[in-house]
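Source file structure.cif; content: mmCIF, C-alpha atoms.
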data_structure
#
loop_
_atom_site.label_atom_id
_atom_site.label_comp_id
_atom_site.auth_asym_id
_atom_site.auth_seq_id
_atom_site.Cartn_x
_atom_site.Cartn_y
_atom_site.Cartn_z
CA MET A 227 26.32 -24.58 -30.14
CA ARG A 228 28.73 -22.04 -28.65
CA CYS A 229 31.56 -24.59 -28.93
CA PHE A 230 31.66 -24.05 -32.68
CA SER A 231 33.63 -21.05 -33.94
CA ALA A 232 35.43 -19.64 -36.96
CA GLU A 233 38.50 -21.57 -35.83
CA LEU A 234 36.52 -24.80 -35.27
CA PRO A 235 33.51 -24.77 -37.61
CA GLN A 236 33.53 -28.58 -37.77
CA MET A 237 34.18 -30.97 -34.90
CA SER A 238 34.07 -34.65 -34.10
CA LEU A 239 31.89 -35.94 -31.28
CA THR A 240 34.96 -36.21 -29.06
CA GLN A 241 35.92 -32.58 -29.75
CA VAL A 242 32.39 -31.35 -29.04
CA ALA A 243 32.25 -33.31 -25.77
CA GLN A 244 35.63 -31.94 -24.67
CA ALA A 245 34.78 -28.34 -25.66
CA ALA A 246 31.43 -28.47 -23.86
CA GLY A 247 32.78 -30.33 -20.83
CA LEU A 248 30.24 -33.14 -21.33
CA ALA A 249 30.40 -36.90 -21.44
CA ARG A 250 30.38 -38.32 -24.97
CA PRO A 251 26.91 -39.92 -24.65
CA THR A 252 25.45 -36.63 -23.41
CA ALA A 253 27.12 -34.64 -26.20
CA ARG A 254 25.88 -37.19 -28.73
CA ARG A 255 22.27 -36.92 -27.53
CA ILE A 256 22.41 -33.11 -27.72
CA LEU A 257 23.92 -33.19 -31.21
CA LEU A 258 21.26 -35.63 -32.39
CA THR A 259 18.58 -33.29 -31.04
CA LEU A 260 20.16 -30.29 -32.78
CA GLU A 261 20.32 -32.27 -36.03
CA GLU A 262 16.70 -33.35 -35.65
CA ILE A 263 15.48 -29.74 -35.33
CA GLY A 264 17.80 -28.49 -38.07
CA TYR A 265 20.42 -26.53 -36.16
CA ALA A 266 23.28 -28.94 -36.88
CA ARG A 267 24.24 -31.61 -39.39
CA ALA A 268 26.79 -34.40 -39.54
CA SER A 269 28.87 -35.80 -42.38
CA ASN A 270 31.46 -38.56 -42.12
CA GLY A 271 31.60 -38.28 -38.35
CA VAL A 272 32.06 -34.50 -38.39
CA HIS A 273 29.45 -32.16 -36.91
CA MET A 274 28.74 -28.57 -37.95
CA LEU A 275 26.09 -25.92 -37.41
CA THR A 276 23.61 -24.94 -40.12
CA PRO A 277 22.50 -21.43 -41.12
CA LYS A 278 19.28 -22.08 -39.20
CA VAL A 279 21.09 -21.06 -35.99
CA LEU A 280 20.89 -17.46 -37.25
CA GLU A 281 17.17 -17.62 -36.55
CA LEU A 282 17.87 -17.75 -32.81
CA GLY A 283 19.67 -14.43 -32.65
CA MET A 284 17.60 -12.69 -35.28
CA ALA A 285 14.36 -13.75 -33.58
CA TYR A 286 15.47 -11.84 -30.49
CA VAL A 287 16.54 -8.77 -32.46
CA GLY A 288 13.40 -8.90 -34.56
CA SER A 289 11.16 -9.20 -31.53
CA LEU A 290 12.48 -5.91 -30.22
CA GLY A 291 12.30 -4.22 -33.62
CA LEU A 292 15.85 -3.06 -32.96
CA TRP A 293 17.24 -3.42 -36.44
CA GLU A 294 14.54 -1.47 -38.24
CA MET A 295 14.64 1.28 -35.62
CA ALA A 296 18.42 1.46 -35.39
CA ARG A 297 19.45 1.00 -39.02
CA PRO A 298 18.75 4.52 -40.37
CA HIS A 299 20.50 6.11 -37.39
CA LEU A 300 23.51 3.81 -37.62
CA GLU A 301 23.77 4.30 -41.39
CA ARG A 302 23.57 8.09 -41.01
CA LEU A 303 26.26 8.00 -38.32
CA VAL A 304 28.50 5.87 -40.56
CA GLN A 305 28.05 8.36 -43.41
CA GLN A 306 28.95 11.28 -41.15
CA THR A 307 31.99 9.70 -39.51
CA GLY A 308 33.30 7.12 -41.95
CA GLU A 309 33.51 4.72 -38.99
CA SER A 310 31.59 1.57 -38.08
CA SER A 311 28.61 2.08 -35.81
CA SER A 312 27.09 -0.43 -33.41
CA MET A 313 24.36 -0.91 -30.85
CA ALA A 314 24.79 -3.16 -27.83
CA GLN A 315 23.07 -4.09 -24.60
CA LEU A 316 24.33 -5.22 -21.21
CA ASP A 317 24.22 -8.92 -20.41
CA GLY A 318 25.78 -9.40 -17.00
CA SER A 319 29.23 -7.81 -16.99
CA ASP A 320 29.44 -8.01 -20.79
CA ILE A 321 27.96 -6.12 -23.70
CA VAL A 322 26.39 -8.01 -26.59
CA TYR A 323 26.15 -6.41 -30.02
CA VAL A 324 22.58 -6.39 -31.34
CA ALA A 325 22.92 -4.14 -34.41
CA ARG A 326 25.89 -2.98 -36.48
CA VAL A 327 26.80 -1.17 -39.69
CA ALA A 328 30.45 -1.87 -40.42
CA VAL A 329 33.00 -0.02 -42.53
CA PRO A 330 35.87 -2.11 -43.97
CA LYS A 331 39.17 -1.25 -42.26
CA LEU A 332 42.73 -2.43 -42.65
CA ILE A 333 42.95 -3.22 -38.93
CA THR A 334 39.74 -3.96 -37.08
CA LEU A 335 38.16 -6.18 -34.46
CA ASN A 336 35.91 -8.99 -35.64
CA VAL A 337 32.51 -7.78 -34.42
CA ASP A 338 29.27 -9.43 -35.49
CA ILE A 339 25.75 -9.52 -34.09
CA GLY A 340 26.02 -11.50 -30.88
CA THR A 341 29.68 -10.65 -30.25
CA ARG A 342 30.35 -10.33 -26.53
CA PHE A 343 32.98 -8.12 -24.85
CA PRO A 344 33.59 -7.17 -21.20
CA ALA A 345 31.62 -3.96 -20.61
CA MET A 346 34.29 -1.97 -18.76
CA VAL A 347 36.77 -2.11 -21.66
CA THR A 348 34.36 -0.73 -24.28
CA SER A 349 32.87 2.72 -24.64
CA GLN A 350 29.35 1.32 -25.14
CA GLY A 351 29.72 -0.79 -22.02
CA LYS A 352 30.82 2.19 -19.95
CA VAL A 353 27.86 4.25 -21.17
CA LEU A 354 25.43 1.45 -20.31
CA LEU A 355 27.00 0.89 -16.89
CA ALA A 356 26.97 4.62 -16.16
CA ALA A 357 23.21 4.64 -16.72
CA LEU A 358 22.79 2.28 -13.75
CA PRO A 359 22.78 3.32 -10.10
CA PRO A 360 26.38 2.95 -8.83
CA GLU A 361 25.58 0.03 -6.53
CA ASP A 362 23.82 -1.80 -9.39
CA ALA A 363 26.78 -1.24 -11.72
CA LEU A 364 29.19 -2.76 -9.18
CA LYS A 365 26.85 -5.71 -8.66
CA VAL A 366 26.67 -6.31 -12.41
CA LEU A 367 30.46 -6.18 -12.71
CA GLU A 368 30.83 -8.86 -10.04
CA GLU A 369 29.43 -11.38 -12.53
CA PRO A 370 32.16 -13.27 -14.44
CA SER A 371 32.52 -12.33 -18.10
CA ARG A 372 31.34 -14.87 -20.66
CA SER A 373 33.25 -13.22 -23.51
CA GLY A 374 35.95 -15.88 -23.58
CA LEU A 375 38.66 -13.22 -23.31
CA PRO A 376 41.45 -13.56 -20.73
CA GLU A 377 40.60 -12.02 -17.39
CA ARG A 378 42.27 -8.71 -16.56
CA ASP A 379 43.38 -7.34 -13.23
CA LYS A 380 40.35 -6.24 -11.24
CA ILE A 381 39.81 -2.48 -11.16
CA PRO A 382 39.14 -1.19 -7.62
CA ASP A 383 35.49 -0.32 -7.01
CA ASN A 384 36.27 3.31 -6.22
CA ARG A 385 38.10 3.70 -9.55
CA ILE A 386 35.20 2.08 -11.43
CA LEU A 387 32.73 4.48 -9.83
CA GLU A 388 34.98 7.46 -10.64
CA ARG A 389 35.13 6.44 -14.31
CA LEU A 390 31.40 5.84 -14.55
CA ALA A 391 30.63 9.13 -12.81
CA GLU A 392 32.79 10.91 -15.38
CA VAL A 393 30.96 9.17 -18.22
CA ARG A 394 27.60 10.04 -16.66
CA GLU A 395 28.55 13.70 -16.34
CA GLN A 396 29.98 14.18 -19.83
CA GLY A 397 27.44 11.97 -21.64
CA TRP A 398 29.95 9.88 -23.61
CA ALA A 399 32.76 7.39 -23.03
CA LEU A 400 36.18 6.61 -24.44
CA ALA A 401 37.85 3.24 -24.90
CA ASP A 402 41.52 3.88 -25.66
CA GLU A 403 43.04 0.52 -26.63
CA GLU A 404 41.51 -1.08 -23.54
CA LEU A 405 40.11 -4.08 -25.37
CA ALA A 406 42.95 -4.69 -27.82
CA PRO A 407 46.18 -2.74 -28.50
CA GLY A 408 45.81 -0.51 -31.54
CA CYS A 409 42.06 -1.15 -31.91
CA ALA A 410 39.11 0.93 -30.82
CA PRO A 411 36.15 -1.45 -30.33
CA SER A 412 33.25 0.97 -30.25
CA PRO A 413 31.39 2.94 -32.90
CA LEU A 414 32.83 6.43 -33.22
CA GLN A 415 36.50 7.22 -33.56
CA TRP A 416 38.20 10.48 -32.64
CA PRO A 417 40.46 12.17 -35.24
CA THR A 418 43.53 10.93 -33.34
CA GLY A 419 42.55 7.39 -34.29
CA GLN A 420 43.31 6.18 -30.77
CA ALA A 421 40.06 6.41 -28.87
CA SER A 422 36.41 5.75 -29.46
CA CYS A 423 33.20 6.94 -27.94
CA ALA A 424 29.56 5.98 -27.63
CA LEU A 425 26.60 8.23 -27.10
CA PRO A 426 23.93 7.24 -24.57
#
So that I can check it, write out the structure of this file as structure tokens.
Amino acid sequence: MRCFSAELPQMSLTQVAQAAGLARPTARRILLTLEEIGYARASNGVHMLTPKVLELGMAYVGSLGLWEMARPHLERLVQQTGESSSMAQLDGSDIVYVARVAVPKLITLNVDIGTRFPAMVTSQGKVLLAALPPEDALKVLEEPSRSGLPERDKIPDNRILERLAEVREQGWALADEELAPGCAPSPLQWPTGQASCALP
């Protein structure tokens, strides 16, 4: 299912097999199963996901009661700052967005529920990593990112620990164009418009 995207919302069997790194017969069996249970459909040899896939992510969010608990706080924060506000959790060396109230902007990152970014280049990720014991944070960051973004030069462990210690001490984190030039990926934006922060 993760092979489909905004750029490739519809794919042939061959495209799905290539994107998933599977043999055509295997990809076909999986697609038939997804169609049988309602998560995909096919038309004229082209396969696509159905809205039913939203149930997978929302079942997880709903099971934690995150949205109902987070929504009033996120909405209040958006009203106070005029900036988008999000909630994320660590998943390996990435963060995954689990709740969000967005504000339309001229230039912005495409962030939806389920969006995944490397933790060390986002303010939310730094806050979550800083909450871990230092040795656990380093162990987590050893896991390869599954965000699909190009890998960056590895930051030395001592520098990572220095940054996380600073975040831990001050209680907030900045992400100054670390994820994308000109864009601040996390919820609150400073008046300079160049850095963002997240509160633990």
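Take atom CA of Val304 of chain A and atom CA of Ser349 of chain A: the distance between them is 16.8 Å.
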Next on the checklist: Counting only C-alpha atoms, which residues sit no farther than 10 Å from the position (28.0, 5.4, -12.8) in the file's frame? I'd like them as number ranges by chain.
Outcome noted: A: 352-364, 386-395
Item to check | Selection result of the PyMOL selection byres ((chain A and resi 315) around 12) on this file, as a ChimeraX atom specification | outcome: /A:287,292,312-314,316-325,339-345,348-355,357,426
Next on the checklist: Give me, as a VMD selection string, all polymer residues having an atom no more than 7 Å from segment 245-256 of chain A, counting all atoms listed in the file and skipping those fewer than 5 positions away in the same chain.
Outcome noted: chain A and resid 229 239 to 240
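Residues captured in this structure file are Pro344, Met346, Val347, Pro370, Ser371, Gly374, Leu375, Pro376, Glu377, Asp379, Lys380, Ile381, Glu404, Leu405 and Ala406 of chain A, according to the PyMOL selection byres ((chain A and resi 378) around 12).
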Item to check | Atomic separation - atom CA of Thr307 of chain A relative to atom CA of Leu400 of chain A, Å | outcome: 15.9 Å
Next on the checklist: Taking the file as I've supplied it (selection: the PyMOL selection byres ((chain A and resi 273-284) around 10)), which residues are included? Please answer as number ranges by chain.
Outcome noted: A: 227-228, 230-231, 234-239, 241-242, 257-258, 260-261, 263-272, 285-290, 293, 324, 339-340
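Proximity ranking of A:Asp338, A:Glu309, A:Ala328, A:Glu369 relative to Arg297 of chain A places A:Ala328 first, based on all atoms listed in the file.
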Please, can segment 310-322 of chain A be completed to N, CA, C and O atoms and returned as a CSV table (one decimal), in the coordinates of the input?
chain,number,residue,atom,x,y,z
A,310,SER,N,32.6,2.5,-38.4
A,310,SER,CA,31.6,1.6,-38.1
A,310,SER,C,30.8,2.1,-36.9
A,310,SER,O,31.3,2.8,-36.0
A,311,SER,N,29.5,1.7,-36.9
A,311,SER,CA,28.6,2.1,-35.8
A,311,SER,C,27.8,0.9,-35.3
A,311,SER,O,27.4,0.0,-36.1
A,312,SER,N,27.7,0.8,-34.0
A,312,SER,CA,27.1,-0.4,-33.4
A,312,SER,C,26.1,-0.1,-32.3
A,312,SER,O,26.1,1.0,-31.8
A,313,MET,N,25.3,-1.0,-32.0
A,313,MET,CA,24.4,-0.9,-30.8
A,313,MET,C,24.5,-2.2,-30.0
A,313,MET,O,24.6,-3.3,-30.6
A,314,ALA,N,24.6,-2.0,-28.7
A,314,ALA,CA,24.8,-3.2,-27.8
A,314,ALA,C,23.9,-3.0,-26.6
A,314,ALA,O,23.4,-1.9,-26.3
A,315,GLN,N,23.8,-4.1,-25.9
A,315,GLN,CA,23.1,-4.1,-24.6
A,315,GLN,C,23.9,-4.9,-23.6
A,315,GLN,O,24.7,-5.7,-23.9
A,316,LEU,N,23.7,-4.5,-22.3
A,316,LEU,CA,24.3,-5.2,-21.2
A,316,LEU,C,23.7,-6.6,-21.0
A,316,LEU,O,22.5,-6.8,-21.1
A,317,ASP,N,24.6,-7.6,-20.8
A,317,ASP,CA,24.2,-8.9,-20.4
A,317,ASP,C,25.2,-9.4,-19.3
A,317,ASP,O,26.3,-9.8,-19.6
A,318,GLY,N,24.8,-9.2,-18.1
A,318,GLY,CA,25.8,-9.4,-17.0
A,318,GLY,C,26.9,-8.3,-17.1
A,318,GLY,O,26.6,-7.2,-17.3
A,319,SER,N,28.1,-8.8,-16.9
A,319,SER,CA,29.2,-7.8,-17.0
A,319,SER,C,29.7,-7.6,-18.4
A,319,SER,O,30.8,-6.9,-18.6
A,320,ASP,N,29.0,-8.2,-19.4
A,320,ASP,CA,29.4,-8.0,-20.8
A,320,ASP,C,28.5,-7.1,-21.5
A,320,ASP,O,27.3,-6.9,-21.1
A,321,ILE,N,28.9,-6.7,-22.7
A,321,ILE,CA,28.0,-6.1,-23.7
A,321,ILE,C,27.8,-7.1,-24.8
A,321,ILE,O,28.8,-7.9,-25.1
A,322,VAL,N,26.6,-7.1,-25.4
A,322,VAL,CA,26.4,-8.0,-26.6
A,322,VAL,C,25.9,-7.1,-27.7
A,322,VAL,O,25.0,-6.3,-27.5
